[in-house]
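Here's the structure we're looking at; comments come further down.
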2 protein chains.
Amino acid sequence: MSLMGFIDKNLSFWTQEKKGRENEVVLSSRIRLARNIDLIPFPFLADNNDQAKVVELVKGAMKNQKEFSYLSRNSLNLEDRQALMEKHLISMQLVKENKNSGLWINADESASIMVNEEDHIRIQVLLPGFNLENARGKANDLDDLLEQKLDYGFNEKKGYLTSCPTNVGTGLRASVMVHLPGLVITKQINKVLTAVSQLGLAVRGIYGEGSDAAGNILQISNQVTLGQKEEEIIDNIKRVTKQIIDHEHNARQWLLNEKKIEVKDKVHRAYGVLSNAYTISSKEALELLSQVKLGIDLQLLDKERAQIFKELIVLIRPGYLQKLYGQKLDEKQRDIKRAEVIRERLKN
Amino acid sequence: MSLMGFIDKNLSFWTQEKKGRENEVVLSSRIRLARNIDLIPFPFLADNNDQAKVVELVKGAMKNQKEFSYLSRNSLNLEDRQALMEKHLISMQLVKENKNSGLWINADESASIMVNEEDHIRIQVLLPGFNLENARGKANDLDDLLEQKLDYGFNEKKGYLTSCPTNVGTGLRASVMVHLPGLVITKQINKVLTAVSQLGLAVRGIYGEGSDAAGNILQISNQVTLGQKEEEIIDNIKRVTKQIIDHEHNARQWLLNEKKIEVKDKVHRAYGVLSNAYTISSKEALELLSQVKLGIDLQLLDKERAQIFKELIVLIRPGYLQKLYGQKLDEKQRDIKRAEVIRERLKN
């Protein structure tokens, strides 16, 4: 399959471009709802029978949802699972642990339901750009659909019961993936992130807890699910995100005013290296892609469209590369193939 | 004037490409003869009258040489002198010191005669590639021409008398400019240079004593002019240079066999940066141009011809850039213009 054909068939909806000032900074918006079925032990306590029962119950509830397909974890090899994780469709936990778990997913991969991960059910909606309201609407629709058929664990005082206490309450986690090269280059990022933490939000790298801010990409999400209404959670993260967007745009404007030639040089060099390298690590590629994206956003680099950034930050990941080339690749081979994919994609 | 027009009009013969295994390594060959006129004090002791007399005597001797033009030092501004130095046509001394000195030069700038530099007369022939014999022949022709009209300071025992004792004897300095990226990358360069020194040859950077090995370019020349015949001096430097050429080619072959992807990556990245940068220092540009030249020689990079290297190592120098743009430029402006020249030249 050609690279462009592979991209058309294999990239999720969230990687599509969404124009506009806010969407230049916010790459994607995600809503995740944690739910459990009443009277069945949480996955980490459940035996095989319990787990199988959860799968069957969700299958029943999803029976007429023609838009969704089911992928059982054991039908997927390691590379498939890794690629799903790289698309932000399943968690690291589902990649690694071997149990009776699986994933319902719709055609454009904007909506999915993980079964038997940390909770029995994790509904996720993931959309391009700054779009939490829409994501929340779609997640709630899926939640309503399941709730018609399933008996959720719920407590009038505490709300939805979840495996980990941090999710009890609304079970809602709202997050945005933001690209902040301006704040990183102007060395304001730590100040901003400290402020974000003080506002009760969590900041993590592109692949969740423990991953670093590769490519100047961060995920910002709510920490608290208990004692706040869904609307309050969403409003809080929206308000903070808007402030971050403003700070990032201010930093970019300062760079344009004060450091134009240096930034122009930096983004063009990044483009030059990416379109010519024959071996490249994931870390370096993300860093350079981030600079290219900045150059496109600032209209300093007219060779590419912004969408390439979102496509490539997924395409160059290990699982994805192995899917694209249809073979297992060691680290050195991946570095070579990664450079090849980037060169080819930049030519298109 | 267009860049290519400027190049056609302003680059010396030695920057032209010469194909072949030896000429991939030896960029140019130079013969310089030091001569002084009898009974006139050496330049550093000469008064204004003495210096003027030397100029007049050489003018008389060169009267019918239509191929040559005379440039008096005082008719040249600092940028002109700097550009002549960057072309290896005059010495740093002639750039800096203000005295009654000057330069005879032929149309393709392969032959020149400096007047009142360290010695009264310095004949130089500079040719592309590994071509010391030819250079020596042309230098001797010029020497014979002058000797018909001038009375050289000469001692039967010591040979030609020169201002600095290291030049007494033949007054001959033979040198080759070599490009040794293979020996640098494989970390063999110091071993080779130590051996070269032990064989009685001097090793210097691209712009003479005190300049470093920027761009992996070195000049190798004889140290001794006394007690050896011209033939012996030339034979010695030719023999040593051939050994260096072999070592360099062995290093390149090892890189091709053992590190092909790494070298391919390195040379393509260098090309990518050079063809996209918007500001670049002289040091970085030389380093990257050296890598591009290596890539062309190894046929790993088919985007350019080898000649570009010799053209650009001259074009990107401060004096040249200022001549090309017709204005004084500070360091930051030069870095920007240098990047512009390189981008434009790589597009042609």
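Going through the structure tokens in order, the chains are called A, B, and so on, while each chain numbers its residues from 1 and the ligands are numbered from 1 in the order shown.
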For this session: Would you list the contacts of region 290-305 of chain A as a ChimeraX atom specification, taking every protein, DNA or RNA residue within 7 Å and counting only C-alpha atoms, but skipping same-chain residues closer than 2 positions in sequence?
Result: /A:24,181,215-216,264,267-268,270-271,286-288,307-309
Based on the selection just made, write N, CA and C atoms of those residues as a CSV table (one decimal), in the first residue's frame.
chain,number,residue,atom,x,y,z
A,24,GLU,N,-4.9,25.9,16.3
A,24,GLU,CA,-3.5,25.8,16.0
A,24,GLU,C,-2.8,25.3,17.2
A,181,PRO,N,5.1,25.1,21.5
A,181,PRO,CA,6.5,25.4,21.2
A,181,PRO,C,6.9,26.8,21.5
A,215,GLY,N,8.2,16.8,21.6
A,215,GLY,CA,7.5,17.5,20.6
A,215,GLY,C,6.7,18.7,21.1
A,216,ASN,N,7.1,19.1,22.3
A,216,ASN,CA,6.4,20.3,22.9
A,216,ASN,C,4.9,20.1,23.0
A,264,LYS,N,12.7,31.7,11.9
A,264,LYS,CA,12.6,31.3,10.5
A,264,LYS,C,13.7,30.3,10.2
A,267,VAL,N,12.9,26.8,12.0
A,267,VAL,CA,11.9,26.0,11.4
A,267,VAL,C,12.3,25.5,10.0
A,268,HIS,N,13.0,26.3,9.3
A,268,HIS,CA,13.4,25.8,7.9
A,268,HIS,C,14.5,24.7,8.1
A,270,ALA,N,14.7,22.7,10.5
A,270,ALA,CA,14.0,21.5,10.9
A,270,ALA,C,13.4,20.8,9.7
A,271,TYR,N,12.8,21.6,8.8
A,271,TYR,CA,12.2,21.0,7.6
A,271,TYR,C,13.3,20.4,6.8
A,286,LEU,N,10.1,14.1,16.7
A,286,LEU,CA,9.0,14.9,17.3
A,286,LEU,C,9.4,16.3,17.5
A,287,GLU,N,10.7,16.5,18.0
A,287,GLU,CA,11.2,17.9,18.2
A,287,GLU,C,11.2,18.7,16.9
A,288,LEU,N,11.7,18.1,15.9
A,288,LEU,CA,11.7,18.8,14.6
A,288,LEU,C,10.4,19.0,14.0
A,307,GLN,N,-1.6,19.9,8.9
A,307,GLN,CA,-2.1,18.5,9.2
A,307,GLN,C,-1.0,17.5,9.3
A,308,ILE,N,0.1,17.7,8.5
A,308,ILE,CA,1.2,16.8,8.5
A,308,ILE,C,1.7,16.5,9.9
A,309,PHE,N,1.7,17.5,10.7
A,309,PHE,CA,2.2,17.3,12.1
A,309,PHE,C,1.4,16.2,12.8
Notebook entry, point to check: Where in region 100-184 of chain B does DSSP assign strand (DSSP E), given as a VMD selection string?
Noted result: chain B and resid 102 to 106 111 to 115 121 to 128 154 to 155 159 to 160 172 to 179
The selected residues should be written to file as a tab-separated table (two decimals), in the first residue's frame (atoms: C-alpha atoms).
chain	number	residue	atom	x	y	z
B	102	GLY	CA	50.66	45.50	-4.69
B	103	LEU	CA	49.75	42.56	-6.81
B	104	TRP	CA	50.19	41.52	-10.42
B	105	ILE	CA	47.57	39.04	-11.42
B	106	ASN	CA	46.55	37.23	-14.59
B	111	ALA	CA	49.29	33.28	-11.47
B	112	SER	CA	50.18	36.30	-9.38
B	113	ILE	CA	53.14	38.30	-8.15
B	114	MET	CA	52.98	40.04	-4.79
B	115	VAL	CA	55.31	43.01	-4.50
B	121	ILE	CA	58.67	39.54	-4.96
B	122	ARG	CA	56.52	36.55	-4.33
B	123	ILE	CA	55.53	34.59	-7.41
B	124	GLN	CA	52.56	32.33	-6.95
B	125	VAL	CA	50.86	29.79	-9.19
B	126	LEU	CA	47.68	28.16	-7.91
B	127	LEU	CA	45.94	25.41	-9.89
B	128	PRO	CA	42.94	23.15	-9.25
B	154	PHE	CA	71.50	35.40	-4.78
B	155	ASN	CA	74.39	33.70	-3.02
B	159	GLY	CA	70.84	30.27	-2.98
B	160	TYR	CA	68.14	32.95	-3.13
B	172	LEU	CA	60.27	27.63	-2.98
B	173	ARG	CA	57.22	26.71	-1.06
B	174	ALA	CA	55.05	23.97	-2.52
B	175	SER	CA	51.69	23.26	-0.96
B	176	VAL	CA	48.52	21.30	-1.50
B	177	MET	CA	45.11	22.02	-0.03
B	178	VAL	CA	43.57	18.69	0.99
B	179	HIS	CA	40.05	17.78	2.08
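Taking only C-alpha atoms into account, chain A lies nearest to B:Lys260 out of the set B:Phe42, B:Lys260, B:Gly326, B:Leu315.
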Contacts of chain A with chain B up to 9 Å, shortest pair per row, only C-alpha atoms, as JSON lines:
{"residue": "A:Ile261", "atom": "CA", "partner": "B:Tyr278", "partner_atom": "CA", "distance": 6.8}
{"residue": "A:Glu262", "atom": "CA", "partner": "B:Thr279", "partner_atom": "CA", "distance": 7.3}
{"residue": "A:Lys264", "atom": "CA", "partner": "B:Tyr278", "partner_atom": "CA", "distance": 6.7}
{"residue": "A:Asp265", "atom": "CA", "partner": "B:Tyr278", "partner_atom": "CA", "distance": 4.4}
{"residue": "A:Lys266", "atom": "CA", "partner": "B:Ala277", "partner_atom": "CA", "distance": 7.4}
{"residue": "A:Val267", "atom": "CA", "partner": "B:Ala277", "partner_atom": "CA", "distance": 8.6}
{"residue": "A:His268", "atom": "CA", "partner": "B:Asn276", "partner_atom": "CA", "distance": 5.3}
{"residue": "A:Arg269", "atom": "CA", "partner": "B:Val273", "partner_atom": "CA", "distance": 5.0}
{"residue": "A:Ala270", "atom": "CA", "partner": "B:Val273", "partner_atom": "CA", "distance": 7.8}
{"residue": "A:Tyr271", "atom": "CA", "partner": "B:Asn276", "partner_atom": "CA", "distance": 7.5}
{"residue": "A:Gly272", "atom": "CA", "partner": "B:Gly272", "partner_atom": "CA", "distance": 4.0}
{"residue": "A:Val273", "atom": "CA", "partner": "B:Arg269", "partner_atom": "CA", "distance": 5.0}
{"residue": "A:Leu274", "atom": "CA", "partner": "B:Gly272", "partner_atom": "CA", "distance": 8.0}
{"residue": "A:Ser275", "atom": "CA", "partner": "B:Gly272", "partner_atom": "CA", "distance": 7.0}
{"residue": "A:Asn276", "atom": "CA", "partner": "B:His268", "partner_atom": "CA", "distance": 5.3}
{"residue": "A:Ala277", "atom": "CA", "partner": "B:Asp265", "partner_atom": "CA", "distance": 5.2}
{"residue": "A:Tyr278", "atom": "CA", "partner": "B:Asp265", "partner_atom": "CA", "distance": 4.4}
{"residue": "A:Thr279", "atom": "CA", "partner": "B:Asp265", "partner_atom": "CA", "distance": 6.1}
{"residue": "A:Ile280", "atom": "CA", "partner": "B:Asp265", "partner_atom": "CA", "distance": 8.7}
{"residue": "A:Ile336", "atom": "CA", "partner": "B:Ile261", "partner_atom": "CA", "distance": 8.3}
Would you mind exporting the chosen residues as a CSV table (one decimal), in the first residue's frame, restricted to N, CA, C and O atoms?
chain,number,residue,atom,x,y,z
A,261,ILE,N,14.2,36.2,12.5
A,261,ILE,CA,15.2,35.4,11.6
A,261,ILE,C,15.6,34.1,12.3
A,261,ILE,O,15.8,33.1,11.6
A,262,GLU,N,15.8,34.2,13.6
A,262,GLU,CA,16.2,33.0,14.3
A,262,GLU,C,15.2,31.9,14.2
A,262,GLU,O,15.5,30.7,14.0
A,264,LYS,N,12.7,31.7,11.9
A,264,LYS,CA,12.6,31.3,10.5
A,264,LYS,C,13.7,30.3,10.2
A,264,LYS,O,13.5,29.3,9.5
A,265,ASP,N,14.9,30.6,10.7
A,265,ASP,CA,16.0,29.7,10.5
A,265,ASP,C,15.8,28.3,11.1
A,265,ASP,O,15.9,27.3,10.5
A,266,LYS,N,15.3,28.4,12.4
A,266,LYS,CA,15.1,27.1,13.1
A,266,LYS,C,14.0,26.2,12.4
A,266,LYS,O,14.3,25.0,12.2
A,267,VAL,N,12.9,26.8,12.0
A,267,VAL,CA,11.9,26.0,11.4
A,267,VAL,C,12.3,25.5,10.0
A,267,VAL,O,11.9,24.4,9.6
A,268,HIS,N,13.0,26.3,9.3
A,268,HIS,CA,13.4,25.8,7.9
A,268,HIS,C,14.5,24.7,8.1
A,268,HIS,O,14.5,23.8,7.3
A,269,ARG,N,15.4,24.9,9.0
A,269,ARG,CA,16.4,23.8,9.3
A,269,ARG,C,15.7,22.5,9.6
A,269,ARG,O,16.1,21.5,9.2
A,270,ALA,N,14.7,22.7,10.5
A,270,ALA,CA,14.0,21.5,10.9
A,270,ALA,C,13.4,20.8,9.7
A,270,ALA,O,13.5,19.5,9.5
A,271,TYR,N,12.8,21.6,8.8
A,271,TYR,CA,12.2,21.0,7.6
A,271,TYR,C,13.3,20.4,6.8
A,271,TYR,O,13.1,19.3,6.2
A,272,GLY,N,14.5,21.1,6.7
A,272,GLY,CA,15.6,20.6,5.9
A,272,GLY,C,16.1,19.2,6.4
A,272,GLY,O,16.4,18.3,5.6
A,273,VAL,N,16.2,19.1,7.7
A,273,VAL,CA,16.7,17.8,8.2
A,273,VAL,C,15.6,16.7,8.0
A,273,VAL,O,16.0,15.6,7.6
A,274,LEU,N,14.4,17.0,8.4
A,274,LEU,CA,13.4,16.0,8.2
A,274,LEU,C,13.2,15.5,6.8
A,274,LEU,O,13.0,14.3,6.6
A,275,SER,N,13.3,16.4,5.8
A,275,SER,CA,13.1,16.0,4.5
A,275,SER,C,14.4,15.4,3.8
A,275,SER,O,14.4,15.0,2.7
A,276,ASN,N,15.5,15.3,4.6
A,276,ASN,CA,16.7,14.7,4.1
A,276,ASN,C,17.3,13.6,4.9
A,276,ASN,O,18.2,12.9,4.4
A,277,ALA,N,16.9,13.5,6.2
A,277,ALA,CA,17.6,12.5,7.0
A,277,ALA,C,17.3,11.1,6.6
A,277,ALA,O,16.3,10.8,6.0
A,278,TYR,N,18.3,10.2,6.9
A,278,TYR,CA,18.1,8.8,6.5
A,278,TYR,C,18.0,7.9,7.8
A,278,TYR,O,17.8,6.7,7.7
A,279,THR,N,18.1,8.5,8.9
A,279,THR,CA,17.9,7.7,10.2
A,279,THR,C,17.6,8.8,11.2
A,279,THR,O,18.2,9.8,11.3
A,280,ILE,N,16.5,8.5,12.0
A,280,ILE,CA,16.1,9.6,13.0
A,280,ILE,C,15.4,8.9,14.2
A,280,ILE,O,14.6,8.0,14.0
A,336,ILE,N,15.5,4.1,10.8
A,336,ILE,CA,15.7,4.2,9.3
A,336,ILE,C,14.4,4.3,8.6
A,336,ILE,O,14.2,5.2,7.8
(Q) Need the shell around Leu199 (chain A): protein/DNA/RNA residues with any atom at most 10 Å away, counting only C-alpha atoms. Skip same-chain ones fewer than 6 positions apart. Format as a PyMOL selection string? (A) chain A and resi 193+222-223+236-237+240
All heavy atoms of the current selection, written as a short mmCIF file (atom, residue, chain, number, x, y, z; two decimals), in the first residue's frame:
data_model
loop_
_atom_site.label_atom_id
_atom_site.label_comp_id
_atom_site.auth_asym_id
_atom_site.auth_seq_id
_atom_site.Cartn_x
_atom_site.Cartn_y
_atom_site.Cartn_z
N LEU A 193 2.94 25.90 33.43
CA LEU A 193 2.51 24.59 33.91
C LEU A 193 2.29 24.58 35.42
O LEU A 193 1.38 23.91 35.93
CB LEU A 193 3.52 23.51 33.52
CG LEU A 193 3.67 23.29 32.00
CD1 LEU A 193 4.60 22.13 31.71
CD2 LEU A 193 2.31 23.07 31.34
N ASN A 222 -8.46 17.24 33.84
CA ASN A 222 -8.91 17.46 35.21
C ASN A 222 -8.38 16.36 36.12
O ASN A 222 -8.22 15.22 35.70
CB ASN A 222 -10.43 17.51 35.27
CG ASN A 222 -11.07 16.20 34.81
OD1 ASN A 222 -10.70 15.67 33.75
ND2 ASN A 222 -12.01 15.69 35.57
N GLN A 223 -8.08 16.73 37.38
CA GLN A 223 -7.62 15.72 38.34
C GLN A 223 -8.78 15.19 39.16
O GLN A 223 -8.78 14.05 39.59
CB GLN A 223 -6.63 16.36 39.33
CG GLN A 223 -5.41 16.93 38.65
CD GLN A 223 -4.16 16.59 39.43
OE1 GLN A 223 -3.92 15.43 39.74
NE2 GLN A 223 -3.35 17.60 39.70
N ASN A 236 -14.01 24.52 33.66
CA ASN A 236 -12.70 24.82 34.24
C ASN A 236 -11.59 24.54 33.23
O ASN A 236 -10.72 25.38 32.99
CB ASN A 236 -12.50 23.98 35.51
CG ASN A 236 -11.21 24.35 36.23
OD1 ASN A 236 -10.81 25.53 36.24
ND2 ASN A 236 -10.55 23.36 36.81
N ILE A 237 -11.62 23.38 32.63
CA ILE A 237 -10.54 23.03 31.70
C ILE A 237 -10.59 23.91 30.45
O ILE A 237 -9.56 24.30 29.90
CB ILE A 237 -10.54 21.52 31.37
CG1 ILE A 237 -9.23 21.13 30.68
CG2 ILE A 237 -11.71 21.09 30.54
CD1 ILE A 237 -9.03 19.64 30.64
N VAL A 240 -9.09 27.38 31.48
CA VAL A 240 -7.63 27.33 31.60
C VAL A 240 -6.98 27.15 30.23
O VAL A 240 -5.97 27.79 29.90
CB VAL A 240 -7.22 26.18 32.56
CG1 VAL A 240 -5.70 26.01 32.57
CG2 VAL A 240 -7.76 26.44 33.96
#
- Would you give me, as a ChimeraX atom specification, the residues in region 213-260 of chain A that DSSP reads as helix (DSSP H, G or I)? /A:214-216,230-258,260
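The spacing separating CA of Arg239 (chain B) from CA of Asn140 (chain B) amounts to 21.2 Å.
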What's around region 94-101 of chain B at 6 Å? Count only C-alpha atoms, leave out sequence neighbours fewer than 3 positions away in its own chain, and write the answer as JSON, numbers by chain.
{"B": [73, 81, 91, 115, 116]}
### Selection near region 250-253 of chain B, 9 Å with only C-alpha atoms, sequence-local residues under 3 positions removed, as a ChimeraX atom specification
/B:181-183,185-186,188,245-247,256-258,294,298
Would you output that residue set with all heavy atoms, as a tab-separated table (two decimals), in the first residue's frame?
chain	number	residue	atom	x	y	z
B	181	PRO	N	37.77	14.66	5.15
B	181	PRO	CA	36.66	14.33	6.06
B	181	PRO	C	36.69	12.88	6.52
B	181	PRO	O	36.32	12.58	7.66
B	181	PRO	CB	35.42	14.62	5.21
B	181	PRO	CG	35.87	14.45	3.79
B	181	PRO	CD	37.29	14.96	3.79
B	182	GLY	N	37.15	11.98	5.67
B	182	GLY	CA	37.19	10.56	6.04
B	182	GLY	C	38.12	10.34	7.22
B	182	GLY	O	37.77	9.64	8.19
B	183	LEU	N	39.29	10.95	7.17
B	183	LEU	CA	40.25	10.79	8.27
B	183	LEU	C	39.75	11.48	9.54
B	183	LEU	O	40.02	11.01	10.64
B	183	LEU	CB	41.62	11.35	7.86
B	183	LEU	CG	42.32	10.55	6.76
B	183	LEU	CD1	43.60	11.25	6.29
B	183	LEU	CD2	42.66	9.14	7.26
B	185	ILE	N	36.42	11.92	10.38
B	185	ILE	CA	35.29	11.14	10.92
B	185	ILE	C	35.77	9.85	11.58
B	185	ILE	O	35.26	9.45	12.62
B	185	ILE	CB	34.26	10.83	9.80
B	185	ILE	CG1	33.61	12.12	9.29
B	185	ILE	CG2	33.17	9.87	10.31
B	185	ILE	CD1	32.70	11.92	8.08
B	186	THR	N	36.77	9.23	10.98
B	186	THR	CA	37.27	7.97	11.56
B	186	THR	C	38.36	8.21	12.61
B	186	THR	O	39.00	7.27	13.06
B	186	THR	CB	37.82	7.04	10.46
B	186	THR	OG1	38.89	7.72	9.77
B	186	THR	CG2	36.75	6.67	9.44
B	188	GLN	N	41.32	9.37	12.56
B	188	GLN	CA	42.71	9.02	12.25
B	188	GLN	C	43.53	10.25	11.91
B	188	GLN	O	44.73	10.14	11.67
B	188	GLN	CB	42.75	8.08	11.03
B	188	GLN	CG	42.05	6.76	11.24
B	188	GLN	CD	42.05	5.97	9.94
B	188	GLN	OE1	43.04	5.35	9.58
B	188	GLN	NE2	40.94	6.01	9.22
B	245	ILE	N	46.33	10.77	0.38
B	245	ILE	CA	45.19	10.47	-0.49
B	245	ILE	C	44.75	9.02	-0.28
B	245	ILE	O	43.56	8.72	-0.14
B	245	ILE	CB	45.55	10.72	-1.98
B	245	ILE	CG1	45.78	12.22	-2.23
B	245	ILE	CG2	44.45	10.19	-2.90
B	245	ILE	CD1	46.40	12.54	-3.59
B	246	ASP	N	45.73	8.11	-0.23
B	246	ASP	CA	45.39	6.70	-0.02
B	246	ASP	C	44.69	6.49	1.33
B	246	ASP	O	43.68	5.79	1.42
B	246	ASP	CB	46.65	5.83	-0.07
B	246	ASP	CG	47.17	5.66	-1.49
B	246	ASP	OD1	46.40	5.95	-2.44
B	246	ASP	OD2	48.33	5.24	-1.66
B	247	HIS	N	45.26	7.11	2.37
B	247	HIS	CA	44.64	6.96	3.71
B	247	HIS	C	43.21	7.51	3.71
B	247	HIS	O	42.30	6.91	4.27
B	247	HIS	CB	45.47	7.70	4.76
B	247	HIS	CG	46.70	6.95	5.19
B	247	HIS	ND1	46.65	5.72	5.79
B	247	HIS	CD2	48.01	7.27	5.11
B	247	HIS	CE1	47.88	5.30	6.06
B	247	HIS	NE2	48.74	6.23	5.65
B	256	LEU	N	31.97	3.59	3.95
B	256	LEU	CA	30.96	3.02	3.04
B	256	LEU	C	30.62	1.59	3.42
B	256	LEU	O	29.46	1.17	3.35
B	256	LEU	CB	31.48	3.03	1.61
B	256	LEU	CG	31.21	4.27	0.76
B	256	LEU	CD1	31.66	4.00	-0.67
B	256	LEU	CD2	29.72	4.65	0.77
B	257	ASN	N	31.65	0.84	3.82
B	257	ASN	CA	31.40	-0.57	4.16
B	257	ASN	C	30.72	-0.73	5.51
B	257	ASN	O	29.84	-1.57	5.67
B	257	ASN	CB	32.73	-1.35	4.20
B	257	ASN	CG	33.38	-1.45	2.82
B	257	ASN	OD1	32.72	-1.21	1.80
B	257	ASN	ND2	34.66	-1.77	2.78
B	258	GLU	N	31.15	0.08	6.48
B	258	GLU	CA	30.73	-0.17	7.87
B	258	GLU	C	29.69	0.80	8.39
B	258	GLU	O	28.98	0.49	9.35
B	258	GLU	CB	31.96	-0.12	8.81
B	258	GLU	CG	33.11	-1.04	8.42
B	258	GLU	CD	32.75	-2.52	8.54
B	258	GLU	OE1	31.92	-2.83	9.42
B	258	GLU	OE2	33.26	-3.32	7.73
B	294	LEU	N	31.79	15.32	0.77
B	294	LEU	CA	32.03	13.89	1.01
B	294	LEU	C	30.91	13.05	0.40
B	294	LEU	O	31.16	12.03	-0.25
B	294	LEU	CB	32.13	13.61	2.52
B	294	LEU	CG	32.31	12.15	2.92
B	294	LEU	CD1	33.66	11.61	2.45
B	294	LEU	CD2	32.16	11.96	4.44
B	298	LEU	N	31.34	10.28	-2.52
B	298	LEU	CA	30.99	8.89	-2.26
B	298	LEU	C	29.75	8.45	-3.04
B	298	LEU	O	29.27	7.33	-2.87
B	298	LEU	CB	30.74	8.67	-0.76
B	298	LEU	CG	31.95	8.81	0.16
B	298	LEU	CD1	31.55	8.59	1.61
B	298	LEU	CD2	33.04	7.81	-0.23
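For Lys337 (chain A), the non-local neighbours within 8 Å, defined as residues at least 4 positions apart in the same chain or in other chains and counting only C-alpha atoms, are Thr279, Leu321, Gln333 and Val341 of chain A.
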- Extract, using only C-alpha atoms, all DNA, RNA and protein residues at most 9 Å from Leu3 (chain A), discarding same-chain residues fewer than 4 positions from it, and format them as an NGL selection string. :A and (7-8 or 324 or 341 or 344-345)
